[in-house]
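K.L.:
File name coords17.json; file contents JSON, C-alpha atoms and all ligand atoms; full text below.
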```json
[["chain", "number", "residue", "atom", "x", "y", "z"],
["A", 24, "MET", "CA", -14.23, -0.33, -5.14],
["A", 25, "PRO", "CA", -10.70, -1.02, -3.85],
["A", 26, "LEU", "CA", -8.66, -3.62, -5.75],
["A", 27, "PRO", "CA", -9.26, -7.10, -4.24],
["A", 28, "LYS", "CA", -6.03, -8.26, -2.66],
["A", 29, "ALA", "CA", -4.49, -10.74, -0.22],
["A", 30, "GLU", "CA", -2.34, -9.59, 2.70],
["A", 31, "LEU", "CA", 0.51, -11.98, 3.45],
["A", 32, "HIS", "CA", 2.72, -10.03, 5.85],
["A", 33, "LEU", "CA", 0.79, -8.74, 8.81],
["A", 34, "HIS", "CA", 1.62, -9.03, 12.51],
["A", 35, "ALA", "CA", -1.55, -9.27, 14.60],
["A", 36, "GLU", "CA", 0.16, -7.39, 17.43],
["A", 37, "GLY", "CA", 1.16, -4.68, 14.95],
["A", 38, "THR", "CA", -2.49, -3.82, 14.33],
["A", 39, "LEU", "CA", -2.93, -2.47, 17.87],
["A", 40, "GLU", "CA", -4.10, 1.12, 17.32],
["A", 41, "PRO", "CA", -3.42, 3.63, 20.15],
["A", 42, "GLU", "CA", -7.15, 3.99, 20.89],
["A", 43, "LEU", "CA", -7.59, 0.24, 21.35],
["A", 44, "ALA", "CA", -4.36, 0.06, 23.39],
["A", 45, "PHE", "CA", -5.79, 2.57, 25.87],
["A", 46, "ALA", "CA", -9.21, 0.90, 25.91],
["A", 47, "LEU", "CA", -7.65, -2.49, 26.68],
["A", 48, "ALA", "CA", -5.30, -0.94, 29.27],
["A", 49, "ALA", "CA", -8.35, 0.49, 31.08],
["A", 50, "ARG", "CA", -10.29, -2.79, 30.79],
["A", 51, "ASN", "CA", -7.38, -4.80, 32.21],
["A", 52, "GLY", "CA", -6.09, -2.30, 34.77],
["A", 53, "VAL", "CA", -2.74, -2.00, 33.00],
["A", 54, "GLU", "CA", -0.77, 1.26, 33.40],
["A", 55, "LEU", "CA", 0.76, 2.56, 30.18],
["A", 56, "PRO", "CA", 3.68, 4.99, 30.46],
["A", 57, "TYR", "CA", 1.85, 7.48, 28.20],
["A", 58, "THR", "CA", -0.86, 9.91, 29.27],
["A", 59, "ASP", "CA", -3.00, 9.67, 26.13],
["A", 60, "THR", "CA", -3.10, 8.54, 22.51],
["A", 61, "GLU", "CA", -1.53, 11.78, 21.34],
["A", 62, "GLU", "CA", 1.52, 11.31, 23.55],
["A", 63, "LEU", "CA", 1.74, 7.66, 22.53],
["A", 64, "ARG", "CA", 1.67, 8.59, 18.82],
["A", 65, "LYS", "CA", 4.67, 10.86, 19.43],
["A", 66, "ALA", "CA", 6.63, 7.71, 20.34],
["A", 67, "TYR", "CA", 6.12, 6.43, 16.78],
["A", 68, "ALA", "CA", 9.24, 8.12, 15.39],
["A", 69, "PHE", "CA", 11.44, 5.09, 14.80],
["A", 70, "GLU", "CA", 15.12, 4.97, 13.93],
["A", 71, "ASP", "CA", 15.39, 1.34, 12.99],
["A", 72, "LEU", "CA", 13.78, -2.05, 13.55],
["A", 73, "GLN", "CA", 14.90, -2.30, 17.20],
["A", 74, "SER", "CA", 13.48, 1.10, 18.21],
["A", 75, "PHE", "CA", 10.11, -0.01, 16.82],
["A", 76, "LEU", "CA", 10.28, -3.45, 18.45],
["A", 77, "ASN", "CA", 10.84, -1.84, 21.87],
["A", 78, "LEU", "CA", 7.46, -0.07, 21.66],
["A", 79, "TYR", "CA", 5.77, -3.04, 19.96],
["A", 80, "TYR", "CA", 6.69, -5.35, 22.86],
["A", 81, "GLU", "CA", 5.88, -2.70, 25.48],
["A", 82, "LEU", "CA", 2.33, -2.17, 24.24],
["A", 83, "MET", "CA", 1.62, -5.91, 24.18],
["A", 84, "ALA", "CA", 1.17, -5.60, 27.96],
["A", 85, "VAL", "CA", -2.45, -4.57, 27.35],
["A", 86, "LEU", "CA", -3.28, -7.87, 25.58],
["A", 87, "ARG", "CA", -4.28, -10.26, 28.34],
["A", 88, "THR", "CA", -7.50, -12.17, 27.64],
["A", 89, "GLU", "CA", -9.05, -14.12, 24.76],
["A", 90, "ARG", "CA", -11.46, -11.25, 24.30],
["A", 91, "ASP", "CA", -8.56, -8.79, 23.88],
["A", 92, "PHE", "CA", -7.10, -10.85, 21.03],
["A", 93, "GLU", "CA", -10.55, -11.28, 19.46],
["A", 94, "ASP", "CA", -11.19, -7.51, 19.60],
["A", 95, "LEU", "CA", -7.73, -6.84, 18.14],
["A", 96, "ALA", "CA", -8.29, -9.19, 15.20],
["A", 97, "ASN", "CA", -11.82, -7.95, 14.54],
["A", 98, "ALA", "CA", -10.62, -4.35, 14.42],
["A", 99, "TYR", "CA", -7.95, -5.34, 11.88],
["A", 100, "LEU", "CA", -10.30, -7.42, 9.73],
["A", 101, "GLU", "CA", -12.81, -4.59, 9.53],
["A", 102, "ARG", "CA", -10.18, -2.09, 8.40],
["A", 103, "ALA", "CA", -8.57, -4.56, 6.00],
["A", 104, "ALA", "CA", -11.91, -5.47, 4.40],
["A", 105, "ALA", "CA", -12.64, -1.78, 3.81],
["A", 106, "GLN", "CA", -9.36, -1.58, 1.84],
["A", 107, "GLY", "CA", -10.13, -4.55, -0.41],
["A", 108, "VAL", "CA", -8.37, -7.31, 1.53],
["A", 109, "ARG", "CA", -10.15, -10.61, 0.75],
["A", 110, "HIS", "CA", -7.63, -12.93, 2.35],
["A", 111, "ALA", "CA", -5.16, -12.39, 5.21],
["A", 112, "GLU", "CA", -2.31, -14.61, 6.43],
["A", 113, "ILE", "CA", -1.72, -13.33, 9.91],
["A", 114, "PHE", "CA", 1.45, -13.63, 12.01],
["A", 115, "PHE", "CA", 1.48, -13.73, 15.77],
["A", 116, "ASP", "CA", 4.32, -13.91, 18.31],
["A", 117, "PRO", "CA", 3.45, -16.56, 20.93],
["A", 118, "GLN", "CA", 6.75, -16.30, 22.81],
["A", 119, "ALA", "CA", 6.16, -12.60, 23.51],
["A", 120, "HIS", "CA", 2.88, -13.53, 25.23],
["A", 121, "ILE", "CA", 3.97, -16.72, 26.96],
["A", 122, "ALA", "CA", 6.83, -14.74, 28.55],
["A", 123, "ARG", "CA", 4.19, -12.42, 30.12],
["A", 124, "GLY", "CA", 2.10, -15.29, 31.43],
["A", 125, "VAL", "CA", -0.43, -15.23, 28.58],
["A", 126, "GLY", "CA", -0.67, -18.76, 27.23],
["A", 127, "MET", "CA", -0.75, -20.10, 23.70],
["A", 128, "GLY", "CA", -4.40, -21.13, 24.19],
["A", 129, "THR", "CA", -5.49, -17.60, 25.15],
["A", 130, "VAL", "CA", -3.81, -16.13, 22.08],
["A", 131, "VAL", "CA", -4.92, -18.72, 19.52],
["A", 132, "GLU", "CA", -8.49, -19.13, 20.83],
["A", 133, "GLY", "CA", -8.81, -15.37, 21.13],
["A", 134, "LEU", "CA", -7.63, -14.66, 17.59],
["A", 135, "TRP", "CA", -9.77, -17.56, 16.39],
["A", 136, "GLY", "CA", -12.85, -15.93, 17.91],
["A", 137, "ALA", "CA", -12.48, -13.33, 15.15],
["A", 138, "LEU", "CA", -10.84, -15.40, 12.40],
["A", 139, "GLY", "CA", -13.34, -18.25, 12.66],
["A", 140, "ARG", "CA", -16.16, -15.86, 11.75],
["A", 141, "SER", "CA", -14.20, -13.58, 9.44],
["A", 142, "GLU", "CA", -15.60, -14.87, 6.13],
["A", 143, "GLU", "CA", -19.19, -14.27, 7.24],
["A", 144, "ASN", "CA", -18.52, -11.06, 9.19],
["A", 145, "HIS", "CA", -15.93, -9.36, 6.97],
["A", 146, "GLY", "CA", -15.73, -11.33, 3.71],
["A", 147, "VAL", "CA", -12.07, -12.08, 4.48],
["A", 148, "SER", "CA", -10.61, -15.61, 4.55],
["A", 149, "THR", "CA", -7.74, -16.05, 6.97],
["A", 150, "ARG", "CA", -4.80, -18.22, 7.98],
["A", 151, "LEU", "CA", -2.62, -18.05, 11.10],
["A", 152, "ILE", "CA", 1.18, -18.25, 11.07],
["A", 153, "MET", "CA", 3.07, -18.48, 14.37],
["A", 154, "CYS", "CA", 6.41, -16.70, 14.39],
["A", 155, "PHE", "CA", 9.51, -17.55, 16.36],
["A", 156, "LEU", "CA", 11.40, -14.63, 17.90],
["A", 157, "ARG", "CA", 14.87, -14.84, 16.39],
["A", 158, "ASP", "CA", 16.45, -12.84, 19.22],
["A", 159, "GLU", "CA", 15.33, -15.58, 21.65],
["A", 160, "SER", "CA", 17.03, -18.97, 21.85],
["A", 161, "ALA", "CA", 16.45, -21.93, 19.56],
["A", 162, "ASP", "CA", 15.26, -23.88, 22.61],
["A", 163, "SER", "CA", 12.62, -21.24, 23.32],
["A", 164, "ALA", "CA", 11.37, -21.63, 19.73],
["A", 165, "LEU", "CA", 11.16, -25.41, 20.21],
["A", 166, "GLU", "CA", 9.14, -24.87, 23.39],
["A", 167, "ALA", "CA", 6.76, -22.55, 21.52],
["A", 168, "LEU", "CA", 6.25, -25.16, 18.81],
["A", 169, "GLU", "CA", 5.55, -27.76, 21.51],
["A", 170, "ALA", "CA", 3.00, -25.41, 23.13],
["A", 171, "ALA", "CA", 1.31, -24.99, 19.73],
["A", 172, "LYS", "CA", 0.71, -28.73, 19.22],
["A", 173, "PRO", "CA", -2.86, -28.72, 20.62],
["A", 174, "TYR", "CA", -3.75, -25.88, 18.22],
["A", 175, "LEU", "CA", -2.24, -27.06, 14.95],
["A", 176, "ASP", "CA", -5.66, -27.32, 13.30],
["A", 177, "ARG", "CA", -5.70, -23.51, 13.52],
["A", 178, "ILE", "CA", -2.11, -22.75, 12.54],
["A", 179, "ILE", "CA", -1.00, -23.18, 8.94],
["A", 180, "GLY", "CA", 2.67, -22.38, 9.26],
["A", 181, "VAL", "CA", 5.67, -20.95, 11.03],
["A", 182, "GLY", "CA", 7.63, -17.75, 10.49],
["A", 183, "LEU", "CA", 10.66, -15.99, 11.96],
["A", 184, "ASP", "CA", 10.63, -12.37, 13.09],
["A", 185, "SER", "CA", 12.02, -9.76, 15.52],
["A", 186, "ALA", "CA", 15.59, -8.37, 15.56],
["A", 187, "GLU", "CA", 17.29, -9.77, 12.47],
["A", 188, "VAL", "CA", 20.96, -8.76, 12.45],
["A", 189, "GLY", "CA", 23.10, -11.21, 14.45],
["A", 190, "HIS", "CA", 20.37, -13.86, 14.40],
["A", 191, "PRO", "CA", 20.84, -15.75, 11.13],
["A", 192, "PRO", "CA", 18.20, -18.24, 9.97],
["A", 193, "ALA", "CA", 20.46, -21.28, 10.55],
["A", 194, "LYS", "CA", 20.00, -20.79, 14.32],
["A", 195, "PHE", "CA", 16.48, -22.21, 13.79],
["A", 196, "ARG", "CA", 17.25, -25.22, 11.58],
["A", 197, "GLU", "CA", 15.99, -27.76, 14.12],
["A", 198, "VAL", "CA", 12.66, -26.08, 14.88],
["A", 199, "TYR", "CA", 11.96, -25.58, 11.15],
["A", 200, "GLU", "CA", 12.68, -29.27, 10.53],
["A", 201, "ALA", "CA", 10.25, -30.14, 13.32],
["A", 202, "ALA", "CA", 7.65, -27.76, 11.88],
["A", 203, "ALA", "CA", 8.02, -29.31, 8.42],
["A", 204, "ALA", "CA", 7.58, -32.79, 9.93],
["A", 205, "LEU", "CA", 4.29, -31.56, 11.45],
["A", 206, "GLY", "CA", 3.10, -30.50, 7.98],
["A", 207, "LEU", "CA", 3.44, -26.77, 8.65],
["A", 208, "ARG", "CA", 4.24, -24.27, 5.89],
["A", 209, "ARG", "CA", 7.45, -22.25, 6.32],
["A", 210, "VAL", "CA", 8.23, -18.58, 5.82],
["A", 211, "ALA", "CA", 10.82, -16.27, 7.43],
["A", 212, "HIS", "CA", 11.71, -12.59, 7.61],
["A", 213, "ALA", "CA", 15.04, -12.20, 5.81],
["A", 214, "GLY", "CA", 16.85, -9.31, 4.16],
["A", 215, "GLU", "CA", 14.91, -6.56, 5.95],
["A", 216, "GLU", "CA", 17.91, -5.22, 7.89],
["A", 217, "GLY", "CA", 19.98, -8.37, 7.50],
["A", 218, "PRO", "CA", 22.26, -9.18, 4.55],
["A", 219, "PRO", "CA", 21.30, -11.08, 1.36],
["A", 220, "GLU", "CA", 23.08, -14.16, 2.76],
["A", 221, "TYR", "CA", 20.24, -14.50, 5.31],
["A", 222, "ILE", "CA", 17.78, -14.86, 2.41],
["A", 223, "THR", "CA", 19.84, -17.65, 0.89],
["A", 224, "GLU", "CA", 20.12, -19.33, 4.29],
["A", 225, "ALA", "CA", 16.35, -19.09, 4.88],
["A", 226, "LEU", "CA", 15.80, -20.89, 1.57],
["A", 227, "ASP", "CA", 18.55, -23.50, 1.89],
["A", 228, "VAL", "CA", 18.58, -24.23, 5.64],
["A", 229, "LEU", "CA", 14.99, -23.50, 6.71],
["A", 230, "GLY", "CA", 13.29, -24.50, 3.44],
["A", 231, "VAL", "CA", 11.05, -21.44, 3.36],
["A", 232, "GLU", "CA", 8.50, -21.14, 0.55],
["A", 233, "ARG", "CA", 8.16, -17.39, 0.81],
["A", 234, "VAL", "CA", 10.50, -14.66, 2.07],
["A", 235, "ASP", "CA", 9.18, -11.84, 4.25],
["A", 236, "HIS", "CA", 10.68, -8.52, 3.11],
["A", 237, "GLY", "CA", 13.62, -9.89, 1.09],
["A", 238, "LEU", "CA", 14.38, -6.27, 0.25],
["A", 239, "ARG", "CA", 18.15, -6.63, 0.33],
["A", 240, "CYS", "CA", 18.20, -9.37, -2.31],
["A", 241, "MET", "CA", 18.79, -6.50, -4.73],
["A", 242, "GLU", "CA", 22.41, -6.34, -3.53],
["A", 243, "ASP", "CA", 23.09, -9.81, -4.99],
["A", 244, "PRO", "CA", 22.26, -10.27, -8.70],
["A", 245, "ALA", "CA", 22.78, -14.05, -8.53],
["A", 246, "LEU", "CA", 20.27, -14.27, -5.68],
["A", 247, "VAL", "CA", 17.75, -12.17, -7.62],
["A", 248, "GLU", "CA", 18.17, -14.53, -10.56],
["A", 249, "ARG", "CA", 17.54, -17.52, -8.29],
["A", 250, "LEU", "CA", 14.43, -15.97, -6.67],
["A", 251, "VAL", "CA", 13.03, -15.24, -10.14],
["A", 252, "ARG", "CA", 13.86, -18.72, -11.45],
["A", 253, "GLU", "CA", 12.35, -20.46, -8.41],
["A", 254, "ARG", "CA", 9.40, -18.04, -8.28],
["A", 255, "VAL", "CA", 9.95, -17.37, -4.58],
["A", 256, "PRO", "CA", 7.41, -14.77, -3.42],
["A", 257, "LEU", "CA", 8.64, -11.73, -1.48],
["A", 258, "THR", "CA", 6.26, -9.99, 0.93],
["A", 259, "LEU", "CA", 7.36, -6.36, 0.72],
["A", 260, "CYS", "CA", 6.14, -3.73, 3.18],
["A", 261, "PRO", "CA", 6.87, -0.31, 1.68],
["A", 262, "LEU", "CA", 5.53, 1.99, 4.43],
["A", 263, "SER", "CA", 7.30, -0.17, 7.04],
["A", 264, "ASN", "CA", 10.57, 0.18, 5.11],
["A", 265, "VAL", "CA", 10.25, 3.98, 5.18],
["A", 266, "ARG", "CA", 9.37, 4.17, 8.89],
["A", 267, "LEU", "CA", 12.16, 1.79, 9.92],
["A", 268, "ARG", "CA", 14.58, 3.49, 7.54],
["A", 269, "ALA", "CA", 15.35, 0.47, 5.39],
["A", 270, "VAL", "CA", 14.88, 2.94, 2.50],
["A", 271, "ASP", "CA", 15.43, 6.72, 2.57],
["A", 272, "SER", "CA", 12.02, 7.54, 1.15],
["A", 273, "LEU", "CA", 9.18, 5.83, -0.67],
["A", 274, "ALA", "CA", 10.42, 7.33, -3.94],
["A", 275, "ASP", "CA", 13.67, 5.39, -3.39],
["A", 276, "HIS", "CA", 11.93, 2.05, -2.83],
["A", 277, "PRO", "CA", 13.30, -0.69, -5.11],
["A", 278, "LEU", "CA", 9.82, -2.13, -5.84],
["A", 279, "PRO", "CA", 9.78, -1.00, -9.51],
["A", 280, "ALA", "CA", 13.26, -2.45, -10.06],
["A", 281, "MET", "CA", 12.21, -5.65, -8.31],
["A", 282, "LEU", "CA", 9.11, -6.01, -10.49],
["A", 283, "GLY", "CA", 11.26, -5.15, -13.52],
["A", 284, "ALA", "CA", 13.66, -7.96, -12.58],
["A", 285, "GLY", "CA", 10.74, -10.40, -12.64],
["A", 286, "LEU", "CA", 10.55, -11.00, -8.88],
["A", 287, "LEU", "CA", 7.22, -12.21, -7.49],
["A", 288, "CYS", "CA", 6.61, -9.14, -5.31],
["A", 289, "THR", "CA", 3.64, -8.54, -3.06],
["A", 290, "VAL", "CA", 2.75, -5.37, -1.11],
["A", 291, "ASN", "CA", 1.71, -5.64, 2.55],
["A", 292, "SER", "CA", 1.35, -3.55, 5.69],
["A", 293, "ASP", "CA", 3.53, -5.38, 8.30],
["A", 294, "ASP", "CA", 2.46, -3.43, 11.43],
["A", 295, "PRO", "CA", -0.17, -1.03, 10.10],
["A", 296, "ALA", "CA", -0.99, 0.68, 13.41],
["A", 297, "TYR", "CA", 2.65, 1.72, 13.75],
["A", 298, "PHE", "CA", 3.72, 2.42, 10.17],
["A", 299, "GLY", "CA", 0.95, 4.66, 8.89],
["A", 300, "GLY", "CA", -1.27, 2.44, 6.83],
["A", 301, "TYR", "CA", -3.12, -0.75, 6.01],
["A", 302, "ALA", "CA", -2.81, -2.83, 2.82],
["A", 303, "GLY", "CA", -4.74, -0.44, 0.59],
["A", 304, "ASP", "CA", -2.76, 2.51, 1.96],
["A", 305, "ASN", "CA", 0.45, 0.72, 1.00],
["A", 306, "PHE", "CA", -0.90, 0.06, -2.51],
["A", 307, "HIS", "CA", -1.85, 3.73, -2.93],
["A", 308, "ALA", "CA", 1.45, 4.94, -1.49],
["A", 309, "VAL", "CA", 3.58, 2.96, -3.96],
["A", 310, "ARG", "CA", 1.32, 3.90, -6.85],
["A", 311, "ASP", "CA", 1.65, 7.60, -6.05],
["A", 312, "ALA", "CA", 5.32, 7.72, -5.02],
["A", 313, "LEU", "CA", 6.67, 5.34, -7.64],
["A", 314, "GLY", "CA", 4.35, 6.15, -10.53],
["A", 315, "LEU", "CA", 3.12, 2.57, -10.91],
["A", 316, "GLY", "CA", 0.26, 2.31, -13.40],
["A", 317, "GLU", "CA", -2.94, 0.21, -13.46],
["A", 318, "GLU", "CA", -1.08, -2.71, -15.01],
["A", 319, "HIS", "CA", 1.46, -2.86, -12.17],
["A", 320, "MET", "CA", -1.22, -2.50, -9.50],
["A", 321, "ARG", "CA", -3.20, -5.37, -10.99],
["A", 322, "ARG", "CA", -0.04, -7.46, -11.12],
["A", 323, "LEU", "CA", 0.63, -6.79, -7.42],
["A", 324, "ALA", "CA", -2.93, -7.84, -6.57],
["A", 325, "ARG", "CA", -2.61, -10.99, -8.72],
["A", 326, "ASN", "CA", 0.74, -11.82, -7.12],
["A", 327, "SER", "CA", -0.79, -11.53, -3.65],
["A", 328, "PHE", "CA", -3.23, -14.36, -4.36],
["A", 329, "ALA", "CA", -0.66, -16.44, -6.28],
["A", 330, "ALA", "CA", 1.79, -16.16, -3.36],
["A", 331, "SER", "CA", -0.84, -17.06, -0.74],
["A", 332, "PHE", "CA", -1.34, -20.44, 0.89],
["A", 333, "LEU", "CA", -4.90, -20.66, -0.49],
["A", 334, "GLU", "CA", -5.80, -23.73, -2.52],
["A", 335, "ASP", "CA", -6.58, -23.02, -6.19],
["A", 336, "ASP", "CA", -10.37, -23.17, -5.78],
["A", 337, "GLU", "CA", -10.26, -20.92, -2.68],
["A", 338, "GLU", "CA", -7.98, -18.52, -4.53],
["A", 339, "ARG", "CA", -10.43, -18.18, -7.45],
["A", 340, "ARG", "CA", -13.26, -17.42, -5.03],
["A", 341, "ALA", "CA", -11.22, -14.82, -3.09],
["A", 342, "ARG", "CA", -10.08, -13.00, -6.24],
["B", 1, "LIG", "C1", 8.36, -6.81, 12.62],
["B", 1, "LIG", "CL1", 8.79, -5.00, 10.66],
["B", 1, "LIG", "C2", 9.21, -6.37, 11.61],
["B", 1, "LIG", "N1", 10.38, -6.98, 11.39],
["B", 1, "LIG", "C3", 10.72, -8.00, 12.17],
["B", 1, "LIG", "N2", 9.96, -8.46, 13.15],
["B", 1, "LIG", "C4", 8.78, -7.87, 13.38],
["B", 1, "LIG", "N3", 7.82, -8.13, 14.28],
["B", 1, "LIG", "C5", 6.83, -7.25, 14.09],
["B", 1, "LIG", "N4", 7.15, -6.43, 13.09],
["B", 2, "ZN", "ZN", 7.18, -8.22, 9.54]]
```
Output the file's structure in the form of structure tokens.
Ligand code: ES4
Ligand code: ZN

P.N.:
Amino acid sequence: MPLPKAELHLHAEGTLEPELAFALAARNGVELPYTDTEELRKAYAFEDLQSFLNLYYELMAVLRTERDFEDLANAYLERAAAQGVRHAEIFFDPQAHIARGVGMGTVVEGLWGALGRSEENHGVSTRLIMCFLRDESADSALEALEAAKPYLDRIIGVGLDSAEVGHPPAKFREVYEAAAALGLRRVAHAGEEGPPEYITEALDVLGVERVDHGLRCMEDPALVERLVRERVPLTLCPLSNVRLRAVDSLADHPLPAMLGAGLLCTVNSDDPAYFGGYAGDNFHAVRDALGLGEEHMRRLARNSFAASFLEDDEERRAR
């Protein structure tokens, strides 16, 4: 039996496996610039975040209908459940779809087709978090939030993702204030490729309750101390960090030092179809590469529920 865990950093679009990408391309009459899944997989040698994002946005072209998003989410939930995931807080990127003529309703209703039945079908509770693309304008983020208003009963919070460097959190102050006024929870990617100052800014300017990645906090001891003191959860993604070269190798990952410092670390898969593994694979990879024992693995699993947006009674049931 895999360790029961919650997954808190997972991009729905990043669960698109090559086989499903080709199946959806055929169903929708979309031409992909790859002959087959083998050739596509060869494109998965990334140099940094941007080189990954280029492919990630390119393959989204196959996602067109509600049914596509439902199939995508069901495929993820099935794989996640098999690896012990009992609860998943799932990001999606509405602006990337709206820009291609695929509306907010298609995306949310489609994902909901799977998420709304996930507890009965997969034994996985779910939440949806809409992310703003930080390399798009602040006005575009405000428009996305406006487009989400009819669907807020299905969206628990907002996040911030895409190309980090050069797009500091403060650019999105206004849209995060508006999201808070709507009662939405707030998270943001910070300190993946960007500097520790972006983590501080996400906390102070955007009011985030959880930091996605947060890896580079380790360069600033005062920031580490603050994150420990305020019990700010970090959603780490070890296999992602290796593939996007945020760390040289898994053996060099700062997770043990971060746990040692008392940080509330969680382990997640980010974009599992692209980075070589789902949540359980990430747990196994850090255990094997970093020599983490049973005690540490149980702590990571416990942290994942503690850092989730589940209510206390829901959390006890999921654990
Ligand atoms: C992402 Cl790994 C990562 N970082 C930032 N934005 C993203 N969107 C999807 N995956
Ligand atoms: Zn991410």

K.L.:
Please identify the residues whose atoms come within 10 Å of ligand LIG 1 (chain B), using only C-alpha atoms and all ligand atoms, and report them as a ChimeraX atom specification.

P.N.:
/A:32-38,71-73,75-76,79-80,114-116,154-158,182-187,211-216,235-236,260,262-264,266-267,292-295,297-298

K.L.:
Which residues are near Arg109 (chain A)? Cut-off 9 Å, all atoms listed in the file, ignore same chain within fewer than 5 positions. Put them as a list of chain:residue names.

P.N.:
A:Pro27, A:Lys28, A:Ala29, A:Glu30, A:Ala103, A:Ala104, A:Glu142, A:His145, A:Gly146, A:Val147, A:Ser148, A:Thr149, A:Ala341, A:Arg342

K.L.:
Can you write just those residues out, C-alpha atoms, as a CSV table (one decimal), in the coordinates of the input?

P.N.:
```
chain,number,residue,atom,x,y,z
A,27,PRO,CA,-9.3,-7.1,-4.2
A,28,LYS,CA,-6.0,-8.3,-2.7
A,29,ALA,CA,-4.5,-10.7,-0.2
A,30,GLU,CA,-2.3,-9.6,2.7
A,103,ALA,CA,-8.6,-4.6,6.0
A,104,ALA,CA,-11.9,-5.5,4.4
A,142,GLU,CA,-15.6,-14.9,6.1
A,145,HIS,CA,-15.9,-9.4,7.0
A,146,GLY,CA,-15.7,-11.3,3.7
A,147,VAL,CA,-12.1,-12.1,4.5
A,148,SER,CA,-10.6,-15.6,4.6
A,149,THR,CA,-7.7,-16.0,7.0
A,341,ALA,CA,-11.2,-14.8,-3.1
A,342,ARG,CA,-10.1,-13.0,-6.2
```

K.L.:
Find the residues around region 271-273 of chain A up to 9 Å (all atoms listed in the file counted), leave out those fewer than 4 positions away in its own chain, and share them as a list in words.

P.N.:
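My list of contacting residues is Pro261, Leu262, Asn264, Val265, Arg266, Pro277, Ala308, Val309, Ala312 and Leu313 of chain A.
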
K.L.:
In terms of the shortest atom-to-atom distance over only C-alpha atoms and all ligand atoms, which of A:Leu315, A:Ala96, A:Met281, A:Leu238 is closest to ligand ZN 2 (chain B)?

P.N.:
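Closest residue, counting only C-alpha atoms and all ligand atoms: A:Leu238.
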
K.L.:
Between A:Leu333, A:Ile121, A:Ala284, A:Leu31, which is the closest to ligand ZN 2 (chain B) once you count all atoms listed in the file?

P.N.:
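Closest to ligand ZN 2 (chain B) of all the choices is A:Leu31.
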
K.L.:
Using all atoms listed in the file for the distances, tell me which of A:Gly285, A:Pro191, A:Gly230, A:Gly237 is nearest to ligand ZN 2 (chain B).

P.N.:
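For ligand ZN 2 (chain B), the nearest of the candidates is A:Gly237.
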